[in-house]
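K.L.:
The structure under discussion is supplied below as structure tokens; questions concerning it will follow.
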Amino acid sequence: MIIFFIVTIFIGCNKKISSSDQSEGYYKGEKVYKAVCISCHNIDPRKTGALAPDIAGSELEVIRSMIMTGKPPKGVKPKWPDMEMAPLPNLKDKIPDLYEYLKAFK
């Protein structure tokens with residue numbers, strides 16, 4: 001009986017609490033952000049990272065342009081004009097997911 005109780009608590013504590021407010025894209029974007037982006041950006045996208053600015057709430061076209069070209073779209077002033085981002089075209093299919101994750105921090 002004690003083992004059952006301990007196992008039940010352990011399983012319950014390890015379950016990811018899913019909020020109905022967040023989409024599947026949000027969670028996919030969170031995984032990509034934490035696996036790739038935090039090498040330069042802060043783990044909290046609202047804060048400045050070691051090598052890159054805060055990106056919380058970034059618009060989809062800004063995210064797309066930065067990932068595909070390493071530069072903001074025309075007409076958008078770079079947050080850090082003295083720094084350049086390396087393009088990451090391998091993340092092209094993940095852009096909508098990253099947007100879903102980052103827009104949650106607006």
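Labels used: A, B, ... for chains in the order of the structure tokens, numbers from 1 for residues in each chain, and numbers from 1 for ligands as shown.
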Quick one: residues within 8 Å of region 60-77 of chain A, only C-alpha atoms, excluding same-chain residues fewer than 6 positions away - as JSON, numbers by chain?
P.N.:
{"A": [84, 85, 86, 87, 88, 89, 91, 92, 95, 96, 98, 99]}
K.L.:
Quick one: residues within 12 Å of Gln22 (chain A), only C-alpha atoms counted, chain neighbours fewer than 5 positions away excluded, as a list in words?
P.N.:
Ile17, Tyr27, Lys28, Gly29, Glu30, Asp97, Glu100, Tyr101, Leu102, Lys103, Ala104 and Phe105 of chain A
K.L.:
May I ask for the distance between CA of Ile55 (chain A) and CA of Trp80 (chain A), given in Å to one decimal place?
P.N.:
11.4 Å
K.L.:
Taking the DSSP secondary structure from the backbone, can you list the residues of region 7-79 of chain A that are helix (DSSP H, G or I), as a ChimeraX atom specification?
P.N.:
/A:7-14,24-35,37-39,60-69
K.L.:
CA of Lys79 (chain A) and CA of Asn42 (chain A) are how many Å apart?
P.N.:
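Interatomic distance here is 14.6 Å.
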K.L.:
Check the smallest atom-to-atom distance from each of A:Glu24, A:Asp44, A:Asp93, A:Asp82 to Gly57 (chain A) using only C-alpha atoms, then report the winner.
P.N.:
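Smallest distance to Gly57 (chain A) is found for A:Asp44.
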K.L.:
When you look at Cys40 (chain A) with a cut-off of 7 Å (counting only C-alpha atoms), what residues show up, excluding the ones that are within fewer than 4 positions of it in the same chain? I need them as an NGL selection string.
P.N.:
:A and (49-52)
K.L.:
Any chance you could export the current selection's C-alpha atoms as a PDB file, in the first residue's frame?
P.N.:
ATOM      1  CA  GLY A  49      20.706  37.264 -22.881  1.00  0.00           C
ATOM      2  CA  ALA A  50      24.472  36.983 -22.853  1.00  0.00           C
ATOM      3  CA  LEU A  51      24.754  37.497 -26.610  1.00  0.00           C
ATOM      4  CA  ALA A  52      21.300  38.595 -27.745  1.00  0.00           C
TER       5      ALA A  52
END
